[in-house]
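Q: Provided herewith: final.cif, mmCIF, C-alpha atoms.
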```
data_final
#
loop_
_atom_site.label_atom_id
_atom_site.label_comp_id
_atom_site.auth_asym_id
_atom_site.auth_seq_id
_atom_site.Cartn_x
_atom_site.Cartn_y
_atom_site.Cartn_z
CA MET A 1 -37.71 44.88 20.66
CA GLU A 2 -37.45 41.50 19.10
CA ARG A 3 -34.76 39.55 17.28
CA VAL A 4 -35.98 37.76 14.15
CA ALA A 5 -33.80 35.07 12.59
CA LEU A 6 -33.40 35.30 8.82
CA GLU A 7 -30.67 32.82 7.87
CA ARG A 8 -30.46 33.39 4.20
CA LYS A 9 -27.81 34.37 1.71
CA VAL A 10 -27.21 38.04 0.98
CA LEU A 11 -26.71 37.29 -2.71
CA SER A 12 -29.73 35.00 -2.92
CA GLU A 13 -30.99 36.75 -6.07
CA ASN A 14 -27.66 36.19 -7.85
CA ASP A 15 -27.59 32.60 -6.58
CA ARG A 16 -31.10 31.99 -7.86
CA ILE A 17 -30.16 33.14 -11.37
CA ALA A 18 -26.90 31.18 -11.21
CA ALA A 19 -28.78 28.01 -10.22
CA ASN A 20 -31.09 28.55 -13.17
CA LEU A 21 -28.09 28.98 -15.51
CA ARG A 22 -26.47 25.84 -14.07
CA ALA A 23 -29.64 23.86 -14.78
CA ARG A 24 -29.76 25.17 -18.36
CA PHE A 25 -26.08 24.32 -18.88
CA ALA A 26 -26.75 20.80 -17.59
CA GLU A 27 -29.77 20.41 -19.84
CA HIS A 28 -27.66 21.29 -22.89
CA ASN A 29 -24.55 19.41 -21.71
CA ILE A 30 -22.53 22.62 -21.61
CA LEU A 31 -19.34 22.78 -19.58
CA ALA A 32 -19.06 26.38 -18.33
CA LEU A 33 -15.77 27.59 -16.85
CA ASN A 34 -15.17 30.91 -15.09
CA LEU A 35 -11.64 32.32 -15.53
CA ILE A 36 -10.48 34.73 -12.85
CA SER A 37 -7.21 36.62 -12.27
CA SER A 38 -5.73 40.04 -11.57
CA PRO A 39 -5.70 42.44 -14.53
CA GLY A 40 -2.88 41.54 -16.91
CA SER A 41 -2.23 37.98 -15.76
CA GLY A 42 -3.02 36.61 -19.20
CA LYS A 43 -6.60 35.33 -19.24
CA THR A 44 -7.18 36.59 -22.76
CA SER A 45 -3.83 35.22 -23.97
CA LEU A 46 -4.69 31.84 -22.49
CA LEU A 47 -8.01 31.92 -24.33
CA GLU A 48 -6.19 32.80 -27.56
CA ARG A 49 -3.89 29.78 -27.16
CA THR A 50 -6.94 27.66 -26.33
CA LEU A 51 -9.12 28.76 -29.25
CA GLU A 52 -6.29 28.46 -31.78
CA SER A 53 -5.81 24.83 -30.76
CA PHE A 54 -9.43 23.90 -31.46
CA ASP A 55 -10.80 22.39 -34.61
CA ARG A 56 -13.29 24.75 -36.32
CA ARG A 57 -16.07 22.24 -35.63
CA GLU A 58 -15.63 22.56 -31.86
CA ARG A 59 -18.78 23.99 -30.32
CA VAL A 60 -17.07 26.51 -28.07
CA ALA A 61 -18.24 30.01 -27.14
CA VAL A 62 -16.62 32.78 -25.11
CA LEU A 63 -18.00 35.55 -22.91
CA THR A 64 -15.42 38.11 -21.91
CA GLY A 65 -15.96 40.72 -19.23
CA ASP A 66 -14.31 44.10 -18.88
CA ILE A 67 -15.21 47.42 -17.35
CA GLN A 68 -14.71 49.18 -20.68
CA THR A 69 -13.75 48.42 -24.32
CA GLU A 70 -14.48 45.61 -26.76
CA ASN A 71 -10.75 44.90 -27.14
CA ASP A 72 -10.77 41.38 -25.75
CA ALA A 73 -13.74 40.27 -27.84
CA LYS A 74 -11.95 41.60 -30.94
CA ARG A 75 -8.80 39.67 -30.03
CA LEU A 76 -10.77 36.48 -29.54
CA ALA A 77 -13.24 36.77 -32.42
CA ARG A 78 -10.54 36.15 -35.06
CA PHE A 79 -10.55 32.43 -34.24
CA GLY A 80 -14.03 32.08 -35.72
CA PHE A 81 -15.94 31.01 -32.61
CA PRO A 82 -18.84 32.96 -31.11
CA VAL A 83 -17.46 35.62 -28.75
CA LYS A 84 -19.36 38.27 -26.87
CA GLN A 85 -18.00 41.15 -24.82
CA ILE A 86 -19.75 42.05 -21.59
CA THR A 87 -18.84 45.61 -20.65
CA THR A 88 -19.84 46.18 -17.06
CA GLY A 89 -19.44 49.98 -17.17
CA GLY A 90 -17.69 50.18 -13.81
CA THR A 91 -18.68 47.00 -12.03
CA CYS A 92 -15.60 45.07 -10.98
CA HIS A 93 -16.98 41.56 -11.54
CA LEU A 94 -19.47 39.62 -13.65
CA ASP A 95 -22.70 38.52 -12.03
CA ALA A 96 -25.20 35.84 -13.01
CA ARG A 97 -27.66 38.31 -14.53
CA MET A 98 -25.02 39.61 -16.95
CA ILE A 99 -24.38 36.04 -18.11
CA GLU A 100 -28.09 35.35 -18.46
CA ARG A 101 -28.51 38.50 -20.57
CA ALA A 102 -25.45 37.79 -22.74
CA LEU A 103 -26.77 34.33 -23.57
CA LEU A 104 -30.20 35.57 -24.68
CA ASP A 105 -29.48 35.46 -28.41
CA TRP A 106 -27.27 32.37 -28.42
CA ARG A 107 -28.66 28.91 -29.04
CA LEU A 108 -27.45 26.87 -26.08
CA GLU A 109 -27.96 23.65 -28.03
CA ASP A 110 -25.08 24.75 -30.29
CA ILE A 111 -22.58 25.09 -27.42
CA ASP A 112 -20.57 22.37 -25.64
CA LEU A 113 -17.97 24.53 -23.92
CA LEU A 114 -18.58 28.03 -22.57
CA LEU A 115 -15.48 29.91 -21.46
CA ILE A 116 -16.22 32.96 -19.31
CA GLU A 117 -13.41 35.46 -18.81
CA ASN A 118 -14.23 37.50 -15.71
CA VAL A 119 -13.21 41.12 -15.10
CA GLY A 120 -9.58 41.29 -13.94
CA ASN A 121 -9.88 41.24 -10.16
CA LEU A 122 -8.93 38.64 -7.55
CA VAL A 123 -11.48 39.69 -4.95
CA CYS A 124 -15.01 40.47 -6.09
CA PRO A 125 -15.52 37.80 -8.79
CA SER A 126 -15.07 35.15 -6.12
CA SER A 127 -18.36 36.18 -4.47
CA TYR A 128 -20.54 35.81 -7.57
CA ASP A 129 -21.64 32.39 -8.79
CA LEU A 130 -22.15 32.46 -12.57
CA GLY A 131 -23.56 28.95 -12.82
CA GLU A 132 -20.16 27.65 -13.89
CA ALA A 133 -18.96 24.06 -13.36
CA ALA A 134 -15.61 25.34 -12.08
CA LYS A 135 -13.66 28.48 -11.40
CA LEU A 136 -10.09 28.63 -12.70
CA VAL A 137 -7.56 31.12 -11.39
CA VAL A 138 -4.66 32.49 -13.42
CA LEU A 139 -1.59 33.82 -11.61
CA SER A 140 1.38 35.18 -13.51
CA VAL A 141 4.98 35.01 -12.32
CA THR A 142 5.28 38.81 -12.44
CA GLU A 143 2.96 38.92 -9.42
CA GLY A 144 3.94 37.79 -5.90
CA GLU A 145 4.23 34.19 -4.71
CA ASP A 146 2.06 35.20 -1.76
CA LYS A 147 -1.04 36.06 -3.86
CA PRO A 148 -2.76 32.81 -2.78
CA LEU A 149 -2.32 33.83 0.86
CA LYS A 150 -3.44 37.42 0.27
CA TYR A 151 -6.50 36.39 -1.75
CA PRO A 152 -7.38 33.00 -0.25
CA SER A 153 -11.01 33.13 -1.34
CA ILE A 154 -10.43 32.77 -5.05
CA PHE A 155 -7.60 30.24 -4.65
CA PHE A 156 -9.79 28.20 -2.34
CA LYS A 157 -12.75 28.24 -4.71
CA SER A 158 -10.82 27.52 -7.92
CA GLU A 159 -10.34 23.99 -9.15
CA LEU A 160 -7.25 24.76 -11.20
CA LEU A 161 -4.38 27.21 -10.85
CA ILE A 162 -2.79 28.25 -14.12
CA LEU A 163 0.66 29.71 -13.47
CA ASN A 164 1.27 31.89 -16.50
CA LYS A 165 4.28 33.69 -18.03
CA ILE A 166 6.76 31.01 -16.94
CA ASP A 167 9.03 32.14 -19.80
CA LEU A 168 9.78 35.18 -17.59
CA LEU A 169 10.99 33.11 -14.62
CA PRO A 170 14.69 33.77 -15.33
CA TYR A 171 14.06 37.54 -15.13
CA VAL A 172 11.84 37.87 -12.06
CA PRO A 173 12.36 36.99 -8.39
CA PHE A 174 9.41 34.59 -8.34
CA ASP A 175 9.81 31.26 -6.57
CA ILE A 176 7.37 28.99 -8.36
CA ALA A 177 7.64 26.20 -5.75
CA THR A 178 6.65 28.68 -2.99
CA ALA A 179 3.72 29.94 -5.08
CA GLU A 180 2.47 26.38 -5.52
CA GLU A 181 3.01 25.57 -1.87
CA ASN A 182 1.08 28.70 -0.86
CA SER A 183 -1.81 27.71 -3.14
CA ARG A 184 -1.96 24.30 -1.55
CA ARG A 185 -1.93 25.82 1.93
CA VAL A 186 -5.31 27.35 1.17
CA HIS A 187 -6.49 24.56 -1.16
CA PHE A 188 -4.62 21.34 -0.45
CA ASN A 189 -5.55 19.33 -3.55
CA MET A 190 -5.53 22.16 -6.08
CA ALA A 191 -4.58 21.15 -9.61
CA ILE A 192 -1.79 23.31 -11.06
CA VAL A 193 -0.46 23.79 -14.59
CA ARG A 194 2.50 25.96 -15.54
CA VAL A 195 2.20 27.70 -18.89
CA SER A 196 3.62 30.39 -21.09
CA CYS A 197 1.19 31.86 -23.58
CA GLN A 198 4.17 33.37 -25.43
CA THR A 199 6.36 30.27 -25.92
CA ARG A 200 3.38 27.87 -25.63
CA GLN A 201 5.26 25.85 -23.02
CA GLY A 202 2.76 23.94 -20.87
CA ILE A 203 -0.21 24.72 -23.14
CA THR A 204 -0.51 20.98 -23.92
CA GLU A 205 -0.87 20.27 -20.19
CA TRP A 206 -3.57 22.93 -19.89
CA LEU A 207 -5.42 21.52 -22.90
CA SER A 208 -5.19 18.00 -21.43
CA TRP A 209 -6.69 19.26 -18.18
CA LEU A 210 -9.48 20.86 -20.21
CA ASP A 211 -10.04 17.60 -22.15
CA ARG A 212 -10.23 15.59 -18.97
CA LYS A 213 -12.66 18.10 -17.49
CA ARG A 214 -14.85 17.95 -20.59
CA GLU A 215 -14.70 14.14 -20.53
CA SER A 216 -15.69 13.89 -16.86
CA SER A 217 -18.46 16.44 -17.40
CA ARG A 218 -19.83 14.38 -20.33
CA ALA A 219 -19.58 11.16 -18.28
CA ALA A 220 -21.46 12.78 -15.41
CA ALA A 221 -24.14 14.04 -17.81
CA SER A 222 -24.72 10.66 -19.44
CA ALA A 223 -24.83 8.94 -16.04
CA SER A 224 -27.59 11.20 -14.79
CA MET B 1 -14.85 47.15 -4.34
CA HIS B 2 -18.19 45.40 -4.69
CA GLU B 3 -19.29 46.05 -1.12
CA MET B 4 -21.64 48.79 -2.37
CA GLY B 5 -23.59 46.20 -4.37
CA ILE B 6 -23.60 43.80 -1.47
CA ALA B 7 -24.75 46.47 1.00
CA ASN B 8 -27.49 47.30 -1.49
CA SER B 9 -28.58 43.65 -1.59
CA VAL B 10 -28.85 43.70 2.21
CA LEU B 11 -31.04 46.82 2.04
CA ASP B 12 -33.22 45.25 -0.68
CA ALA B 13 -33.81 42.31 1.64
CA ILE B 14 -34.65 44.66 4.51
CA ARG B 15 -37.16 46.57 2.39
CA VAL B 16 -38.90 43.26 1.70
CA GLU B 17 -38.79 42.31 5.37
CA THR B 18 -40.29 45.63 6.53
CA ARG B 19 -43.61 44.48 5.04
CA ARG B 20 -43.76 41.76 7.67
CA PHE B 21 -43.61 44.41 10.40
CA PRO B 22 -45.99 47.19 9.32
CA ASN B 23 -46.11 48.63 12.84
CA GLY B 24 -42.48 48.07 13.73
CA HIS B 25 -39.14 49.48 12.79
CA ILE B 26 -36.10 47.39 11.91
CA TYR B 27 -33.22 49.06 13.66
CA LYS B 28 -30.50 46.48 13.32
CA VAL B 29 -29.50 43.83 10.81
CA GLY B 30 -26.99 41.09 11.56
CA VAL B 31 -24.83 39.92 8.66
CA ARG B 32 -22.42 37.01 8.77
CA ILE B 33 -19.29 37.47 6.63
CA GLY B 34 -16.86 34.60 6.18
CA GLU B 35 -13.15 35.15 5.70
CA LEU B 36 -13.48 33.60 2.23
CA ALA B 37 -16.55 35.57 1.20
CA GLY B 38 -14.38 38.17 -0.51
CA VAL B 39 -16.08 41.02 1.35
CA ASP B 40 -14.23 43.54 3.47
CA PRO B 41 -16.22 44.24 6.66
CA GLU B 42 -14.94 47.81 6.98
CA ALA B 43 -15.82 48.71 3.40
CA MET B 44 -19.15 46.98 3.87
CA SER B 45 -19.97 49.11 6.96
CA PHE B 46 -18.93 52.26 5.15
CA CYS B 47 -21.15 51.52 2.14
CA PHE B 48 -24.04 50.46 4.34
CA GLU B 49 -23.99 53.71 6.30
CA ALA B 50 -23.77 55.76 3.13
CA LEU B 51 -26.75 53.96 1.57
CA VAL B 52 -28.96 54.19 4.66
CA ARG B 53 -28.32 57.87 5.31
CA GLY B 54 -31.32 60.05 4.47
CA THR B 55 -33.67 57.13 3.71
CA GLU B 56 -36.81 55.84 5.41
CA LEU B 57 -34.71 52.99 6.83
CA GLU B 58 -32.96 55.27 9.33
CA PRO B 59 -32.05 54.53 12.07
CA LEU B 60 -30.62 51.19 10.98
CA ALA B 61 -27.42 49.66 12.30
CA LEU B 62 -25.34 46.91 10.78
CA GLU B 63 -23.77 44.28 12.97
CA ILE B 64 -21.17 42.11 11.28
CA GLU B 65 -20.19 38.71 12.56
CA TYR B 66 -16.85 37.85 10.95
CA CYS B 67 -16.29 34.10 10.57
CA PRO B 68 -12.83 32.58 10.12
CA ARG B 69 -12.18 29.59 7.86
CA ARG B 70 -13.13 26.38 9.62
CA TYR B 71 -12.00 22.86 8.97
CA GLN B 72 -12.47 19.35 10.22
CA CYS B 73 -9.38 17.15 10.22
CA ARG B 74 -9.76 13.97 8.18
CA ALA B 75 -7.20 12.17 10.35
CA CYS B 76 -8.10 12.99 13.96
CA GLY B 77 -11.56 14.50 13.55
CA GLN B 78 -10.62 17.78 15.23
CA SER B 79 -12.77 20.79 14.27
CA TYR B 80 -10.88 24.07 14.24
CA ALA B 81 -10.67 27.60 12.88
CA ALA B 82 -7.68 28.11 10.61
CA ALA B 83 -4.85 30.12 12.10
CA ARG B 84 -4.02 32.85 9.56
CA GLU B 85 -3.44 31.38 6.11
CA ASP B 86 -2.53 27.90 7.27
CA SER B 87 -5.21 25.24 7.07
CA ALA B 88 -3.22 22.44 8.77
CA CYS B 89 -4.77 20.74 11.80
CA PRO B 90 -3.37 22.25 15.03
CA GLU B 91 -3.81 18.89 16.78
CA CYS B 92 -2.00 16.46 14.45
CA GLY B 93 -0.50 18.67 11.73
CA MET B 94 -2.42 16.93 8.92
CA THR B 95 -2.94 19.30 5.98
CA GLU B 96 -5.78 17.54 4.14
CA SER B 97 -8.63 18.77 6.29
CA GLN B 98 -12.20 19.02 5.14
CA PHE B 99 -13.40 22.61 4.72
CA SER B 100 -16.41 23.19 6.94
CA GLY B 101 -17.13 26.92 6.83
CA GLY B 102 -15.87 30.45 6.40
CA ASP B 103 -17.31 31.43 3.01
CA GLU B 104 -20.68 32.59 4.30
CA LEU B 105 -22.32 35.86 3.28
CA GLU B 106 -25.62 35.65 5.07
CA LEU B 107 -28.36 37.71 6.58
CA ALA B 108 -28.44 36.27 10.07
CA TYR B 109 -31.12 38.29 11.89
CA LEU B 110 -33.07 41.51 12.26
CA GLU B 111 -33.86 43.40 15.42
CA VAL B 112 -37.31 44.90 15.27
CA GLU B 113 -39.06 47.32 17.58
CA ASN B 114 -42.73 46.39 18.05
CA GLY B 115 -42.04 43.40 15.79
CA ALA B 116 -44.70 41.33 17.56
CA CYS B 117 -47.41 43.66 16.23
CA GLY B 118 -46.52 42.66 12.68
CA ALA B 119 -48.38 40.64 10.08
CA GLY B 120 -50.07 37.45 11.19
CA THR B 121 -51.05 38.66 14.63
#
```
Could you rewrite the structure in this file as structure tokens?

A:
Amino acid sequence: MERVALERKVLSENDRIAANLRARFAEHNILALNLISSPGSGKTSLLERTLESFDRRERVAVLTGDIQTENDAKRLARFGFPVKQITTGGTCHLDARMIERALLDWRLEDIDLLLIENVGNLVCPSSYDLGEAAKLVVLSVTEGEDKPLKYPSIFFKSELLILNKIDLLPYVPFDIATAEENSRRVHFNMAIVRVSCQTRQGITEWLSWLDRKRESSRAAASAS
Amino acid sequence: MHEMGIANSVLDAIRVETRRFPNGHIYKVGVRIGELAGVDPEAMSFCFEALVRGTELEPLALEIEYCPRRYQCRACGQSYAAAREDSACPECGMTESQFSGGDELELAYLEVENGACGAGT
């Protein structure tokens, strides 16, 4: 018997497609963001607040993933931007091939910002690179403050934590300072915004983060 | 529960590798799973066994090496594995350590019987 070293990634096929997507996004100066959360944390609501704030001339497009139904795409399409639903038919995450396929009939040169809403799940989406520039994690105050400790992978890999539903803070036993502290225990310099998609509190801060991200992405593109 | 897909990716890789060893049999694969890989080792083993059963790949064992989160302290240079959820340096207490590993999901090795009789010899 003989031991043969392999030393390669298990998801090398996904990573290869993701690298190809990342190169295409760079070529077309597209900022792609991958939104991840548990089901019901408010990813779609956050996208609604985001799209409604944009001027119609903004070159933004949305891919939204779910196991079943076109509901989210319908909710998001009313803002007039290109939206496509990816129904995974049982798969609990999006992978790079699904993104590649969904983009087939879109002209990338017409897009500056691509928002990808992953399937609601805090575990599996963290394993699959979609070619995005950053992952963003949404946590709502009706969940536990210890979510960052229970699901460290996604909190570690996300650049921004969006704490949603803060309008419900008076009604739920959620200690927001502990939640933020827990996030920074797994990701010490994590950016955090607190929002309510109902009252729109904090949405300005989220949009400023997005603006800064778009600005730094443009600056990086023109420097290269 | 995406371990089924991941176990399948491991088997895809093994089917490719078997071509390198036409006269041998791969009986073990070593996979490295980091704490931050988002893969549950127990679920992974369960899926792996289910997928191998009844195929030409039998007998094939899976050996998982589970890797904790690892950091290097920016202040004192200490390298360490994180204790539970905390990433602070055990030496000096500094919390702003540099992440150095623990998100791997890698095929580490194969164990092959009669591997030396394979292609290229």

Q: Check what the PyMOL selection byres ((chain A and resi 87-101) around 10) selects in the file above and give those residues as a compact mmCIF listing (two decimals) with C-alpha atoms, in the coordinates of the input.

A:
```
# COMPACT_ATOMS: atom_id res chain seq x y z
CA GLU A 13 -30.99 36.75 -6.07
CA ASN A 14 -27.66 36.19 -7.85
CA ASP A 15 -27.59 32.60 -6.58
CA ARG A 16 -31.10 31.99 -7.86
CA ILE A 17 -30.16 33.14 -11.37
CA ALA A 18 -26.90 31.18 -11.21
CA ALA A 19 -28.78 28.01 -10.22
CA ASN A 20 -31.09 28.55 -13.17
CA LEU A 21 -28.09 28.98 -15.51
CA ASN A 34 -15.17 30.91 -15.09
CA ILE A 36 -10.48 34.73 -12.85
CA LEU A 63 -18.00 35.55 -22.91
CA THR A 64 -15.42 38.11 -21.91
CA GLY A 65 -15.96 40.72 -19.23
CA ASP A 66 -14.31 44.10 -18.88
CA ILE A 67 -15.21 47.42 -17.35
CA GLN A 68 -14.71 49.18 -20.68
CA THR A 69 -13.75 48.42 -24.32
CA GLU A 70 -14.48 45.61 -26.76
CA LYS A 84 -19.36 38.27 -26.87
CA GLN A 85 -18.00 41.15 -24.82
CA ILE A 86 -19.75 42.05 -21.59
CA ALA A 102 -25.45 37.79 -22.74
CA LEU A 103 -26.77 34.33 -23.57
CA LEU A 104 -30.20 35.57 -24.68
CA ASP A 105 -29.48 35.46 -28.41
CA ILE A 116 -16.22 32.96 -19.31
CA GLU A 117 -13.41 35.46 -18.81
CA ASN A 118 -14.23 37.50 -15.71
CA VAL A 119 -13.21 41.12 -15.10
CA GLY A 120 -9.58 41.29 -13.94
CA ASN A 121 -9.88 41.24 -10.16
CA LEU A 122 -8.93 38.64 -7.55
CA VAL A 123 -11.48 39.69 -4.95
CA CYS A 124 -15.01 40.47 -6.09
CA PRO A 125 -15.52 37.80 -8.79
CA SER A 126 -15.07 35.15 -6.12
CA SER A 127 -18.36 36.18 -4.47
CA TYR A 128 -20.54 35.81 -7.57
CA ASP A 129 -21.64 32.39 -8.79
CA LEU A 130 -22.15 32.46 -12.57
CA GLY A 131 -23.56 28.95 -12.82
CA GLU A 132 -20.16 27.65 -13.89
CA MET B 1 -14.85 47.15 -4.34
CA HIS B 2 -18.19 45.40 -4.69
CA GLY B 5 -23.59 46.20 -4.37
```

Q: Please check the contacts: residues of chain B at most 7 Å away from chain A, using all atoms listed in the file, listed as a list of chain:residue names.

A: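 Residues passing the distance filter: B:Met1, B:His2, B:Ser9, B:Val10, B:Leu36, B:Ala37, B:Gly38, B:Glu85, B:Asp86, B:Ser87, B:Thr95, B:Glu96, B:Leu105, B:Glu106, B:Leu107, B:Ala108, B:Tyr109, B:Leu110, B:Glu111, B:Val112, B:Glu113, B:Asn114, B:Gly115.
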
Q: Looking at B:Leu60, B:Gln98, B:Ala50, B:Asp40, which one is nearest to Arg15 (chain B), with distances taken over only C-alpha atoms?

A: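 For Arg15 (chain B), the nearest of the given residues is B:Leu60.
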
Q: Name the residues within 7 Å of (3.4, 27.8, -14.3), counting all atoms listed in the file in the file's coordinates, and put them as a tab-separated table (two decimals) with C-alpha atoms, keeping the file's coordinate frame.

A:
```tsv
chain	number	residue	atom	x	y	z
A	162	ILE	CA	-2.79	28.25	-14.12
A	163	LEU	CA	0.66	29.71	-13.47
A	164	ASN	CA	1.27	31.89	-16.50
A	166	ILE	CA	6.76	31.01	-16.94
A	193	VAL	CA	-0.46	23.79	-14.59
A	194	ARG	CA	2.50	25.96	-15.54
A	195	VAL	CA	2.20	27.70	-18.89
```

Q: Starting from the displayed file, determine the output of the PyMOL selection byres ((chain B and resi 77-84) around 10) and express the residue list as a PyMOL selection string.

A: (chain A and resi 149+186) or (chain B and resi 67-76+85-92+97-102)

Q: Applied to the shown file, which residues does the PyMOL selection byres ((chain B and resi 58) around 12) return, written as a ChimeraX atom specification?

A: /B:11,14-15,25-28,48-57,59-62

Q: Which one is closest to Leu113 (chain A): A:Ile192, A:Leu210, A:Leu160, A:Leu76? Count all atoms listed in the file.

A: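 Answer, going by the shortest atom-to-atom distance: A:Leu210.
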
Q: Env of region 168-174 of chain A: 7 Å cut, atoms = all atoms listed in the file, seq-sep filter 6 positions within chain, self excluded. Answer as number ranges by chain.

A: A: 141-142, 144-145

Q: Tell me, in Å to one decimal, how far CA of Leu114 (chain A) is from CA of Ser217 (chain A).

A: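 So the answer is 12.7 Å.
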
Q: In Å, rounded to a single decimal, give me how far CA of Thr178 (chain A) is from CA of Glu143 (chain A).

A: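 Calculated distance between CA of Glu143 (chain A) and CA of Thr178 (chain A) is 12.6 Å.
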